[in-house]
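Novice: Have a look at this one before I ask anything.
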There are 6 protein chains.
Amino acid sequence: MNTVVQNIPRADPAIINGLARAGVATVHEAQGRTGLLASYMRPIYRGASIAGSAITILAPPADNWMLHVAIEQIQAGDILVLVTTEPSDAGYFGDLLATSALARGCRGLIIDAGVRDVRDLETMGFPVWSKAIFAQGTVKEILGSVNVPIICAGAAVDASDVIVADDDGVCVVKCSDAADVLAAAEKRTANEGDKRARFAKGELGLDMYDMRGRLKSEGLKYV
Amino acid sequence: MNTVVQNIPRADPAIINGLARAGVATVHEAQGRTGLLASYMRPIYRGASIAGSAITILAPPADNWMLHVAIEQIQAGDILVLVTTEPSDAGYFGDLLATSALARGCRGLIIDAGVRDVRDLETMGFPVWSKAIFAQGTVKEILGSVNVPIICAGAAVDASDVIVADDDGVCVVKCSDAADVLAAAEKRTANEGDKRARFAKGELGLDMYDMRGRLKSEGLKYV
Amino acid sequence: MNTVVQNIPRADPAIINGLARAGVATVHEAQGRTGLLASYMRPIYRGASIAGSAITILAPPADNWMLHVAIEQIQAGDILVLVTTEPSDAGYFGDLLATSALARGCRGLIIDAGVRDVRDLETMGFPVWSKAIFAQGTVKEILGSVNVPIICAGAAVDASDVIVADDDGVCVVKCSDAADVLAAAEKRTANEGDKRARFAKGELGLDMYDMRGRLKSEGLKYV
Amino acid sequence: MNTVVQNIPRADPAIINGLARAGVATVHEAQGRTGLLASYMRPIYRGASIAGSAITILAPPADNWMLHVAIEQIQAGDILVLVTTEPSDAGYFGDLLATSALARGCRGLIIDAGVRDVRDLETMGFPVWSKAIFAQGTVKEILGSVNVPIICAGAAVDASDVIVADDDGVCVVKCSDAADVLAAAEKRTANEGDKRARFAKGELGLDMYDMRGRLKSEGLKYV
Amino acid sequence: MNTVVQNIPRADPAIINGLARAGVATVHEAQGRTGLLASYMRPIYRGASIAGSAITILAPPADNWMLHVAIEQIQAGDILVLVTTEPSDAGYFGDLLATSALARGCRGLIIDAGVRDVRDLETMGFPVWSKAIFAQGTVKEILGSVNVPIICAGAAVDASDVIVADDDGVCVVKCSDAADVLAAAEKRTANEGDKRARFAKGELGLDMYDMRGRLKSEGLKYV
Amino acid sequence: MNTVVQNIPRADPAIINGLARAGVATVHEAQGRTGLLASYMRPIYRGASIAGSAITILAPPADNWMLHVAIEQIQAGDILVLVTTEPSDAGYFGDLLATSALARGCRGLIIDAGVRDVRDLETMGFPVWSKAIFAQGTVKEILGSVNVPIICAGAAVDASDVIVADDDGVCVVKCSDAADVLAAAEKRTANEGDKRARFAKGELGLDMYDMRGRLKSEGLKYV
């Protein structure tokens, strides 16, 4: 029952990096407003903006044994995504594991649980999106699984899905959709440049999007 | 039923700016400890300190159509205050709307819902106090109202009320009370300078406020 | 019933400072994973890392009278630890009290309630770990106690216990255990240096901790 | 500043009783989906269904002095509505105060705080909708106000507004709107009887409300 | 993008009814401790114990249009499972929709949102497990989908999965696993009868499960 | 470090039963408004009212091994009180353990975690006050301790303390204070009978407690 899936596929690095540049809000829109993790997943420090292939981890409460197992599966550019079999705020991850993960080329951690040593992690430039910052120690007693399908903060994540994370939160893109989503995201970004310029000059959304007629027909009254 | 009230009155800009200087804690005290929004309303970045006239917005859940309507009503120095008809964490506002609002002279947004593109907003210097940071997209399908009375995070807000917001949270001052509250706030601030100096020299509050007798008569025992 | 205990013992300053250097996560581990306050206790600004002897305060809801009483009991290096008799988010503490506490040599405040003037507190370098940032004012009407045993955010704290607080949260060390905990913490820290170096070179925890055999015998399957 | 408003107007008892019969969900719909208190306000026991004129109470945290003041203002058919100046879960109200309120003809209590002696209250048939059940005692030290405008669980309540409460929650109707809202509610209830009969026979909402065309034109695909 | 999947497969009714008899806790254990919805999903009344095939619904916030669409897809013995595209507490479902669903043979509703008319629902014997009881009305403006894969309160649910719900909460069983899970559940139940009898006679778990040796070897000290 | 303390003292059964009769609210008041557990601790069914000597349990997250150890320590009239080393909602306790505990004379369980099989527990008449109802299974892998000092839902509990629990929540009385607290509680109860009769006749608290003068001198204005 407890398994480690090795040799997962990964999306094209150029596509992954493109999704990082697009950012969470744009990627979420580009794939039809799906894939967001719940808003309680917050970065431990501001300013990081990453994308990478998901190494998924299913771990027992307050037991971080599977993180060691997962780190062996990391390839450069991957992101660890950990959920627990039962809700937990324990501090599964700190500066030692971050050192190990960084040495393998890991870009960050998404964890629906707690993290600690957060100042060290910021100094090292290892970004984490978590449910809690909590120093509570963990054990290494009970097995979990690595690279099995999980549900993280309300979103389904499969190993090899592309994770995009920035100050707005975390979004997951199916590996097979990554190229299409990037194309849609880039189109959206290009389109926004023009709108931004028009807004900056003072043009109103009411006019830009031609909303006045519909507002009137829906019955909005100006008094 | 869905209305936009145009031409709202506004408090004197000098008074508004004075309230910004006084800050949330002092203004809240100066008006008899009233007017605070609930403590879950937090700034998306630290260091902003603003005051302005409220443009109120009542919006359906996950529908930001009325923000476009409200932006047309902005005059330089105003602050948008959005509540939803049903609790929502969706990301109603991002960098495009901020560009538009800034172009109209808007000073910030108070939103009892979610916001996104927060790094861009910080870069632009557009401060937001919100319930959530969340990239979840919104639609433009259902009408709401602008500049009607609302209740935001537990506080009643009318269009044209003065909103004061800083790292301590958000406080609302009735437009008609603004001058009196500023006077009381400035008196309080002046008074605090003397106290601060005495505290800094090591004088105790027990002595400064002559508390020892009352503590004794109330029965406090030193052991 | 309402009492102020004066003349509490304090741990050796060198030990206290050593615990500050070790930090919350290490100290928590070094004393057998005990003593953490709940994870909702967060610093009002990042980067502070302190330790000191606890001056405990039991205060009524939204009444900060006892803070004035407690400040008289401060000796240089102490930390105020306030809990309320009933849950409260009110802003018990702001820049004036911080000025007074700093003048007595206080190193910071741990408060299972609210705090305000947080920008001033950061400017002054007075760190606070709190449940809320909230400007709500308090009264000075009802007695509490100082230096009695309290339970703060789920942890028992006696006056003179050593409080350690940093970006990971807050941990309490019994005064009588402080020397032993420091010794264990320093051993742990020394031990971590070697591990960190090995991790940085790419060695896996699976090998460093010799986990492969146990994973296999517990039944982990690689597929 | 602390005031008791005496001699408030009240809606017609026949209208009030009609609103009780209509119930919270219907009344809320009948007045344009407004007036609901937040969903955390829950009945301490199931099955009560009441309406009455609001006696409003603004009380300090963990201080129930104003309840005694408010009880003197009760007329038969009134409902007490208490909010606190700062969030509190304390048990402001128990069997003694319920005995006193019942003797004055009070129909129930809406309290954005805690209540205790809940088994006695159920035995007495005194319904309460509250944020918490908590035995924490309160003091009688600090003034508040009675029959001033308040905001209770996110809804504005003025003294003399009609409160409607049942297992679905609590709704407030402006005193001046009560007759119109009742008329709309009764029309809605009458209308629902016919719909209920058709639904019971197996007719689908898709047909009853003629939705199929609009679903198709909006793009819903059946596969 | 918005689709209704018709003609979903369903598990054998005898197996479904067997899972209802086994109950949530036993079924959850029988399938390896998986499939539970989060603990905030609570029954609106106690004592119901059901199982049925899932009709899944993905609905916009505060918009219950898709419920009408879903009801047409119900076959006798089905259970509606509704999630929202953005968190919502609105009252999507009440006595009229319950009348309609009951007429189609629906056994109950699992809804990660709000429900209203709860006293009527209890009287009708229509059980609901929900996140909230809230009278807030909904609109019928925006499309969603029916019988697509959803994530409900942290658990993945596909149309035709077997839902088991009782006072302990809600558990989902993959349609293809239903027979095996029932077999395991019945074995577990049979096994528990013997244990229960031995516990009732006073035998200790320490002896029944032969735990004393392992406790000793792990280092438990009796003092 | 993991220990089981055997042979704990217990308060006089007559005193314990007297405290059960007095109930949580009265006992809490009688001991100076101390000893309450947080209000999130709720009974799984209404109507139980118990008191007994605490058998304390410190358990790892989602691991109920120590419950088996604790049950051996039960004497007739005891109450189990379980806390976890890290927050957990798992279902540590169900009908089998309840059967075992009942066979030893246990009166109930106070658990700052989850419980399951709640309908069976109600049928058996085994009351539980818990943080959650959740079927999530637990393991028996990691040691904890029995009859060591714990902090349960914010209150310190030592083995042999008297636990009082009813529909209002849970209160803890130090074993050495039990006789004095009972005396104070009985005095309070006797005193309340007279007050209740006077309130029932319509006498106001304002007169019974002679509050009018103090209200006036504090500045309350009647308008």
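Identifiers in the structure tokens: chain A, B, ... in order shown; residue index from 1 per chain; ligand index from 1 in order shown.
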As a ChimeraX atom specification, please: the residues near Asp161 (chain A) (cut-off 10 Å, only C-alpha atoms, same-chain neighbours under 3 positions excluded).
Specialist: /A:8-11,52-56,79,156-158,164,172-178
Novice: Can you write out the residues you just picked, keeping all heavy atoms, as a CSV table (one decimal), in the first residue's frame?
Specialist:
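Result file is again.csv:
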```
chain,number,residue,atom,x,y,z
A,8,ILE,N,9.0,9.5,-12.8
A,8,ILE,CA,7.8,10.2,-13.3
A,8,ILE,C,8.2,11.1,-14.5
A,8,ILE,O,9.3,11.6,-14.6
A,8,ILE,CB,7.2,11.1,-12.2
A,8,ILE,CG1,8.2,12.2,-11.7
A,8,ILE,CG2,6.7,10.3,-11.0
A,8,ILE,CD1,7.6,13.3,-10.9
A,9,PRO,N,7.2,11.3,-15.4
A,9,PRO,CA,7.5,12.3,-16.5
A,9,PRO,C,7.5,13.7,-16.0
A,9,PRO,O,7.0,14.0,-14.9
A,9,PRO,CB,6.3,12.0,-17.5
A,9,PRO,CG,5.2,11.5,-16.6
A,9,PRO,CD,5.8,10.8,-15.5
A,10,ARG,N,8.0,14.6,-16.8
A,10,ARG,CA,8.1,16.0,-16.4
A,10,ARG,C,7.8,16.8,-17.7
A,10,ARG,O,8.1,16.5,-18.8
A,10,ARG,CB,9.4,16.4,-15.8
A,10,ARG,CG,9.6,15.9,-14.4
A,10,ARG,CD,11.1,15.9,-14.0
A,10,ARG,NE,11.2,15.5,-12.6
A,10,ARG,CZ,11.3,14.2,-12.2
A,10,ARG,NH1,11.3,13.2,-13.0
A,10,ARG,NH2,11.4,14.0,-10.9
A,11,ALA,N,7.2,18.0,-17.5
A,11,ALA,CA,6.9,18.9,-18.6
A,11,ALA,C,8.2,19.5,-19.1
A,11,ALA,O,9.2,19.5,-18.3
A,11,ALA,CB,5.9,20.0,-18.1
A,52,GLY,N,7.6,24.4,-11.1
A,52,GLY,CA,8.4,23.1,-11.2
A,52,GLY,C,7.5,21.9,-11.2
A,52,GLY,O,6.2,22.1,-11.1
A,53,SER,N,8.1,20.8,-11.5
A,53,SER,CA,7.3,19.5,-11.5
A,53,SER,C,7.1,19.0,-10.1
A,53,SER,O,8.0,19.0,-9.3
A,53,SER,CB,8.1,18.5,-12.3
A,53,SER,OG,8.3,19.0,-13.6
A,54,ALA,N,5.9,18.5,-9.8
A,54,ALA,CA,5.5,18.1,-8.5
A,54,ALA,C,6.0,16.7,-8.2
A,54,ALA,O,5.8,15.8,-8.9
A,54,ALA,CB,4.0,18.1,-8.3
A,55,ILE,N,6.8,16.6,-7.1
A,55,ILE,CA,7.0,15.4,-6.4
A,55,ILE,C,6.0,15.3,-5.2
A,55,ILE,O,6.1,16.1,-4.3
A,55,ILE,CB,8.5,15.4,-5.8
A,55,ILE,CG1,9.5,15.6,-6.9
A,55,ILE,CG2,8.7,14.1,-5.0
A,55,ILE,CD1,9.7,14.4,-7.8
A,56,THR,N,5.1,14.5,-5.3
A,56,THR,CA,4.0,14.4,-4.3
A,56,THR,C,4.4,13.5,-3.1
A,56,THR,O,5.1,12.5,-3.3
A,56,THR,CB,2.7,14.0,-4.8
A,56,THR,OG1,2.8,12.6,-5.3
A,56,THR,CG2,2.2,14.9,-6.0
A,79,ILE,N,9.5,20.5,-7.5
A,79,ILE,CA,9.0,21.1,-6.3
A,79,ILE,C,8.3,20.0,-5.5
A,79,ILE,O,7.5,19.2,-6.0
A,79,ILE,CB,7.9,22.2,-6.7
A,79,ILE,CG1,8.6,23.3,-7.4
A,79,ILE,CG2,7.1,22.6,-5.5
A,79,ILE,CD1,7.6,24.4,-7.9
A,156,ALA,N,-6.5,18.7,-6.6
A,156,ALA,CA,-5.9,17.4,-6.9
A,156,ALA,C,-4.5,17.7,-7.5
A,156,ALA,O,-4.4,18.5,-8.4
A,156,ALA,CB,-6.8,16.7,-7.8
A,157,VAL,N,-3.5,16.9,-7.0
A,157,VAL,CA,-2.2,17.1,-7.6
A,157,VAL,C,-1.6,15.7,-7.9
A,157,VAL,O,-1.6,14.8,-7.0
A,157,VAL,CB,-1.2,17.8,-6.6
A,157,VAL,CG1,0.2,17.9,-7.2
A,157,VAL,CG2,-1.8,19.1,-6.1
A,158,ASP,N,-1.2,15.5,-9.1
A,158,ASP,CA,-0.5,14.2,-9.5
A,158,ASP,C,1.0,14.5,-9.6
A,158,ASP,O,1.4,15.6,-10.0
A,158,ASP,CB,-1.0,13.7,-10.8
A,158,ASP,CG,-2.5,13.2,-10.7
A,158,ASP,OD1,-2.8,12.6,-9.7
A,158,ASP,OD2,-3.2,13.5,-11.6
A,164,VAL,N,2.8,26.1,-9.9
A,164,VAL,CA,3.2,27.5,-10.0
A,164,VAL,C,2.9,28.2,-8.7
A,164,VAL,O,1.8,28.0,-8.2
A,164,VAL,CB,2.4,28.2,-11.1
A,164,VAL,CG1,2.9,29.6,-11.4
A,164,VAL,CG2,2.5,27.3,-12.4
A,172,VAL,N,-2.0,24.6,-9.7
A,172,VAL,CA,-1.5,23.4,-10.2
A,172,VAL,C,-2.0,23.2,-11.7
A,172,VAL,O,-3.2,23.5,-12.0
A,172,VAL,CB,-1.8,22.1,-9.4
A,172,VAL,CG1,-3.3,22.0,-9.2
A,172,VAL,CG2,-1.3,20.8,-10.0
A,173,VAL,N,-1.1,22.8,-12.6
A,173,VAL,CA,-1.4,22.6,-14.0
A,173,VAL,C,-1.1,21.2,-14.4
A,173,VAL,O,0.0,20.7,-14.1
A,173,VAL,CB,-0.5,23.6,-14.9
A,173,VAL,CG1,-0.8,23.4,-16.4
A,173,VAL,CG2,-0.7,25.0,-14.5
A,174,LYS,N,-2.1,20.5,-14.9
A,174,LYS,CA,-1.8,19.1,-15.4
A,174,LYS,C,-0.6,19.1,-16.3
A,174,LYS,O,-0.5,20.0,-17.2
A,174,LYS,CB,-3.1,18.6,-16.1
A,174,LYS,CG,-4.3,18.3,-15.2
A,174,LYS,CD,-4.1,17.2,-14.2
A,174,LYS,CE,-4.2,17.7,-12.8
A,174,LYS,NZ,-3.8,16.7,-11.8
A,175,CYS,N,0.2,18.1,-16.2
A,175,CYS,CA,1.4,18.0,-17.0
A,175,CYS,C,1.0,18.1,-18.5
A,175,CYS,O,1.7,18.7,-19.3
A,175,CYS,CB,2.1,16.7,-16.7
A,175,CYS,SG,3.7,16.5,-17.5
A,176,SER,N,0.0,17.4,-18.9
A,176,SER,CA,-0.4,17.3,-20.3
A,176,SER,C,-1.0,18.6,-20.8
A,176,SER,O,-1.1,18.8,-22.0
A,176,SER,CB,-1.4,16.1,-20.4
A,176,SER,OG,-2.5,16.3,-19.6
A,177,ASP,N,-1.5,19.4,-19.9
A,177,ASP,CA,-2.1,20.7,-20.3
A,177,ASP,C,-1.1,21.8,-20.3
A,177,ASP,O,-1.4,23.0,-20.7
A,177,ASP,CB,-3.2,21.1,-19.4
A,177,ASP,CG,-4.4,20.2,-19.3
A,177,ASP,OD1,-4.5,19.3,-20.2
A,177,ASP,OD2,-5.2,20.2,-18.4
A,178,ALA,N,0.2,21.6,-19.9
A,178,ALA,CA,1.1,22.7,-19.6
A,178,ALA,C,1.3,23.6,-20.8
A,178,ALA,O,1.3,24.8,-20.7
A,178,ALA,CB,2.4,22.1,-19.0
```
Novice: Using only C-alpha atoms, determine which residues lie at most 10 Å from Gly205 (chain B), disregarding the query and same-chain residues fewer than 2 positions distant; provide the list as number ranges by chain.
Specialist: B: 195, 198-199, 202-203, 207-212; C: 65, 67-69, 71-72, 96-97, 100
Novice: Write out the residues from the selection above, keeping N, CA, C and O atoms, as a tab-separated table (two decimals), in the first residue's frame.
Specialist:
```
chain	number	residue	atom	x	y	z
B	195	LYS	N	3.94	62.19	27.69
B	195	LYS	CA	3.97	60.91	28.38
B	195	LYS	C	5.13	60.05	27.88
B	195	LYS	O	5.82	59.39	28.66
B	198	ARG	N	8.34	61.03	29.44
B	198	ARG	CA	8.45	60.63	30.85
B	198	ARG	C	8.66	59.12	30.98
B	198	ARG	O	9.47	58.65	31.79
B	199	PHE	N	7.94	58.36	30.15
B	199	PHE	CA	8.16	56.90	30.17
B	199	PHE	C	9.60	56.58	29.77
B	199	PHE	O	10.24	55.69	30.35
B	202	GLY	N	11.99	56.55	32.39
B	202	GLY	CA	11.87	55.51	33.41
B	202	GLY	C	10.73	55.72	34.39
B	202	GLY	O	10.52	54.91	35.30
B	203	GLU	N	10.00	56.81	34.23
B	203	GLU	CA	8.86	57.01	35.13
B	203	GLU	C	7.84	55.90	34.87
B	203	GLU	O	7.61	55.50	33.73
B	207	ASP	N	2.95	55.63	38.69
B	207	ASP	CA	3.12	56.96	39.28
B	207	ASP	C	2.52	58.04	38.38
B	207	ASP	O	1.84	58.95	38.87
B	208	MET	N	2.78	57.94	37.10
B	208	MET	CA	2.30	58.97	36.17
B	208	MET	C	0.78	59.11	36.24
B	208	MET	O	0.24	60.21	36.21
B	209	TYR	N	0.10	57.97	36.33
B	209	TYR	CA	-1.37	58.00	36.37
B	209	TYR	C	-1.90	57.87	37.81
B	209	TYR	O	-3.10	57.68	38.00
B	210	ASP	N	-1.01	57.89	38.78
B	210	ASP	CA	-1.41	57.87	40.18
B	210	ASP	C	-2.32	56.67	40.50
B	210	ASP	O	-3.41	56.82	41.04
B	211	MET	N	-1.84	55.51	40.15
B	211	MET	CA	-2.67	54.31	40.26
B	211	MET	C	-2.52	53.55	41.58
B	211	MET	O	-3.30	52.66	41.87
B	212	ARG	N	-1.50	53.84	42.35
B	212	ARG	CA	-1.18	52.97	43.49
B	212	ARG	C	-2.30	52.92	44.53
B	212	ARG	O	-2.60	51.86	45.08
C	65	TRP	N	-4.76	47.21	32.77
C	65	TRP	CA	-4.24	47.82	34.00
C	65	TRP	C	-3.00	47.09	34.53
C	65	TRP	O	-2.02	47.69	34.95
C	67	LEU	N	-0.69	45.59	33.09
C	67	LEU	CA	0.58	45.83	32.41
C	67	LEU	C	1.39	46.91	33.13
C	67	LEU	O	2.62	46.80	33.25
C	68	HIS	N	0.70	47.94	33.61
C	68	HIS	CA	1.42	48.98	34.36
C	68	HIS	C	2.02	48.40	35.64
C	68	HIS	O	3.15	48.73	36.02
C	69	VAL	N	1.27	47.53	36.28
C	69	VAL	CA	1.78	46.90	37.50
C	69	VAL	C	2.98	46.01	37.17
C	69	VAL	O	3.99	46.00	37.89
C	71	ILE	N	5.10	46.21	34.69
C	71	ILE	CA	6.30	46.91	34.22
C	71	ILE	C	7.21	47.29	35.39
C	71	ILE	O	8.43	47.25	35.28
C	72	GLU	N	6.61	47.60	36.54
C	72	GLU	CA	7.44	47.91	37.71
C	72	GLU	C	8.29	46.71	38.14
C	72	GLU	O	9.33	46.87	38.77
C	96	LEU	N	3.36	53.62	23.83
C	96	LEU	CA	3.67	54.23	25.13
C	96	LEU	C	4.14	53.19	26.12
C	96	LEU	O	5.16	53.35	26.79
C	97	LEU	N	3.39	52.09	26.23
C	97	LEU	CA	3.81	51.04	27.14
C	97	LEU	C	5.14	50.44	26.71
C	97	LEU	O	5.96	50.06	27.56
C	100	SER	N	7.85	52.59	27.99
C	100	SER	CA	8.04	52.36	29.42
C	100	SER	C	8.77	51.04	29.68
C	100	SER	O	9.71	50.97	30.47
```
Novice: Select all residues from chain F having any atom no more than 9 Å from an atom of chain C (counting only C-alpha atoms, ignoring ligands), output as a list in words.
Specialist: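 Contact residues on the first chain: Met1, Gly32, Arg33, Thr34, Thr85, Ile151, Cys152, Ala153, Gly154, Ala155 and Ala156 of chain F.
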Novice: Leaving out region 130-146 of chain C and any residue of its chain fewer than 2 positions from it, which residues lie within 6 Å of it when counting only C-alpha atoms, given as a ChimeraX atom specification?
Specialist: /B:25,39,168 /C:2-4,40-42,56-59,62-65,89-91,111-116,148
Novice: Just N, CA and C atoms for this one: save the residues we selected as a CSV table (one decimal), in the first residue's frame.
Specialist:
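Result went into result.csv, see below:
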```csv
chain,number,residue,atom,x,y,z
B,25,ALA,N,-5.0,53.9,15.5
B,25,ALA,CA,-5.2,53.7,17.0
B,25,ALA,C,-5.6,55.0,17.6
B,39,SER,N,-10.4,42.6,13.2
B,39,SER,CA,-8.9,42.5,13.1
B,39,SER,C,-8.5,41.5,12.0
B,168,ASP,N,-2.0,49.0,11.7
B,168,ASP,CA,-2.9,48.5,12.8
B,168,ASP,C,-4.3,48.1,12.4
C,2,ASN,N,-6.1,38.6,44.0
C,2,ASN,CA,-5.3,39.3,43.0
C,2,ASN,C,-4.0,39.6,43.6
C,3,THR,N,-2.9,39.1,43.1
C,3,THR,CA,-1.6,39.2,43.7
C,3,THR,C,-0.5,39.6,42.7
C,4,VAL,N,0.5,40.2,43.3
C,4,VAL,CA,1.7,40.5,42.5
C,4,VAL,C,2.9,39.9,43.3
C,40,TYR,N,-0.6,30.0,16.4
C,40,TYR,CA,-1.2,31.3,16.1
C,40,TYR,C,-0.5,32.4,16.7
C,41,MET,N,0.5,32.2,17.6
C,41,MET,CA,1.3,33.3,18.2
C,41,MET,C,2.4,33.7,17.2
C,42,ARG,N,2.2,34.8,16.5
C,42,ARG,CA,3.1,35.2,15.4
C,42,ARG,C,3.8,36.6,15.8
C,56,THR,N,5.0,37.1,34.2
C,56,THR,CA,3.7,36.7,33.8
C,56,THR,C,2.6,37.7,34.2
C,57,ILE,N,1.6,37.8,33.4
C,57,ILE,CA,0.5,38.7,33.6
C,57,ILE,C,-0.8,38.0,33.3
C,58,LEU,N,-1.8,38.0,34.3
C,58,LEU,CA,-3.1,37.5,34.0
C,58,LEU,C,-4.0,38.7,34.1
C,59,ALA,N,-4.7,39.0,32.9
C,59,ALA,CA,-5.4,40.3,32.8
C,59,ALA,C,-6.9,40.0,32.4
C,62,ALA,N,-9.8,42.9,27.6
C,62,ALA,CA,-9.8,44.3,27.2
C,62,ALA,C,-9.5,45.3,28.4
C,63,ASP,N,-8.7,44.8,29.3
C,63,ASP,CA,-8.3,45.7,30.5
C,63,ASP,C,-6.8,45.5,30.6
C,64,ASN,N,-6.1,46.6,30.5
C,64,ASN,CA,-4.6,46.4,30.5
C,64,ASN,C,-3.9,47.1,31.7
C,65,TRP,N,-4.8,47.2,32.8
C,65,TRP,CA,-4.2,47.8,34.0
C,65,TRP,C,-3.0,47.1,34.5
C,89,ASP,N,-9.1,39.9,21.8
C,89,ASP,CA,-8.2,40.4,20.7
C,89,ASP,C,-7.9,41.9,20.9
C,90,ALA,N,-8.3,42.5,22.0
C,90,ALA,CA,-8.1,43.9,22.2
C,90,ALA,C,-6.6,44.3,22.1
C,91,GLY,N,-6.3,45.5,21.8
C,91,GLY,CA,-5.0,46.0,21.7
C,91,GLY,C,-4.4,46.5,23.1
C,111,ILE,N,2.0,37.9,24.0
C,111,ILE,CA,0.6,38.3,24.4
C,111,ILE,C,-0.4,37.5,23.7
C,112,ASP,N,-1.2,36.7,24.4
C,112,ASP,CA,-2.3,35.9,23.8
C,112,ASP,C,-3.5,36.8,23.7
C,113,ALA,N,-3.3,37.9,23.0
C,113,ALA,CA,-4.4,38.9,22.8
C,113,ALA,C,-3.9,39.8,21.7
C,114,GLY,N,-4.3,41.1,21.7
C,114,GLY,CA,-4.0,41.9,20.6
C,114,GLY,C,-2.9,43.0,21.0
C,115,VAL,N,-2.3,43.6,20.0
C,115,VAL,CA,-1.3,44.6,20.2
C,115,VAL,C,-1.6,45.7,19.1
C,116,ARG,N,-1.1,47.0,19.3
C,116,ARG,CA,-1.3,48.0,18.3
C,116,ARG,C,-0.1,48.9,18.3
C,148,VAL,N,2.0,35.1,38.6
C,148,VAL,CA,1.4,33.9,39.0
C,148,VAL,C,1.5,32.9,37.8
```
Novice: Going by DSSP on the backbone, which residues of region 6-201 of chain F come out as strand (DSSP E or B)? List them as a PyMOL selection string.
Specialist: chain F and resi 36+42-43+50-59+63+78-84+91+108-115+128-133+139+145-146+150-152+155-157+162-166+169-173
Novice: To one decimal place in Å, what is the distance between CA of Thr123 (chain D) and CA of Ile44 (chain F)?
Specialist: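 For CA of Thr123 (chain D) relative to CA of Ile44 (chain F), the distance reads 19.3 Å.
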Novice: Between CA of Phe126 (chain B) and CA of Lys187 (chain A), what is the distance in Å, rounded to a tenth?
Specialist: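 According to the coordinates, CA of Phe126 (chain B) and CA of Lys187 (chain A) are separated by 25.7 Å.
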Novice: Would you pick out the contacts of Ala179 (chain F) at 9 Å or less, using only C-alpha atoms, so that residues sharing its chain but fewer than 4 positions from it are not included, and give the list as number ranges by chain?
Specialist: F: 11-12, 15-16, 175, 183-184
Novice: Rounded to one decimal place, report the CA of Ala76 (chain E)-CA of Val170 (chain E) distance in Å.
Specialist: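 These two atoms are separated by 19.7 Å.
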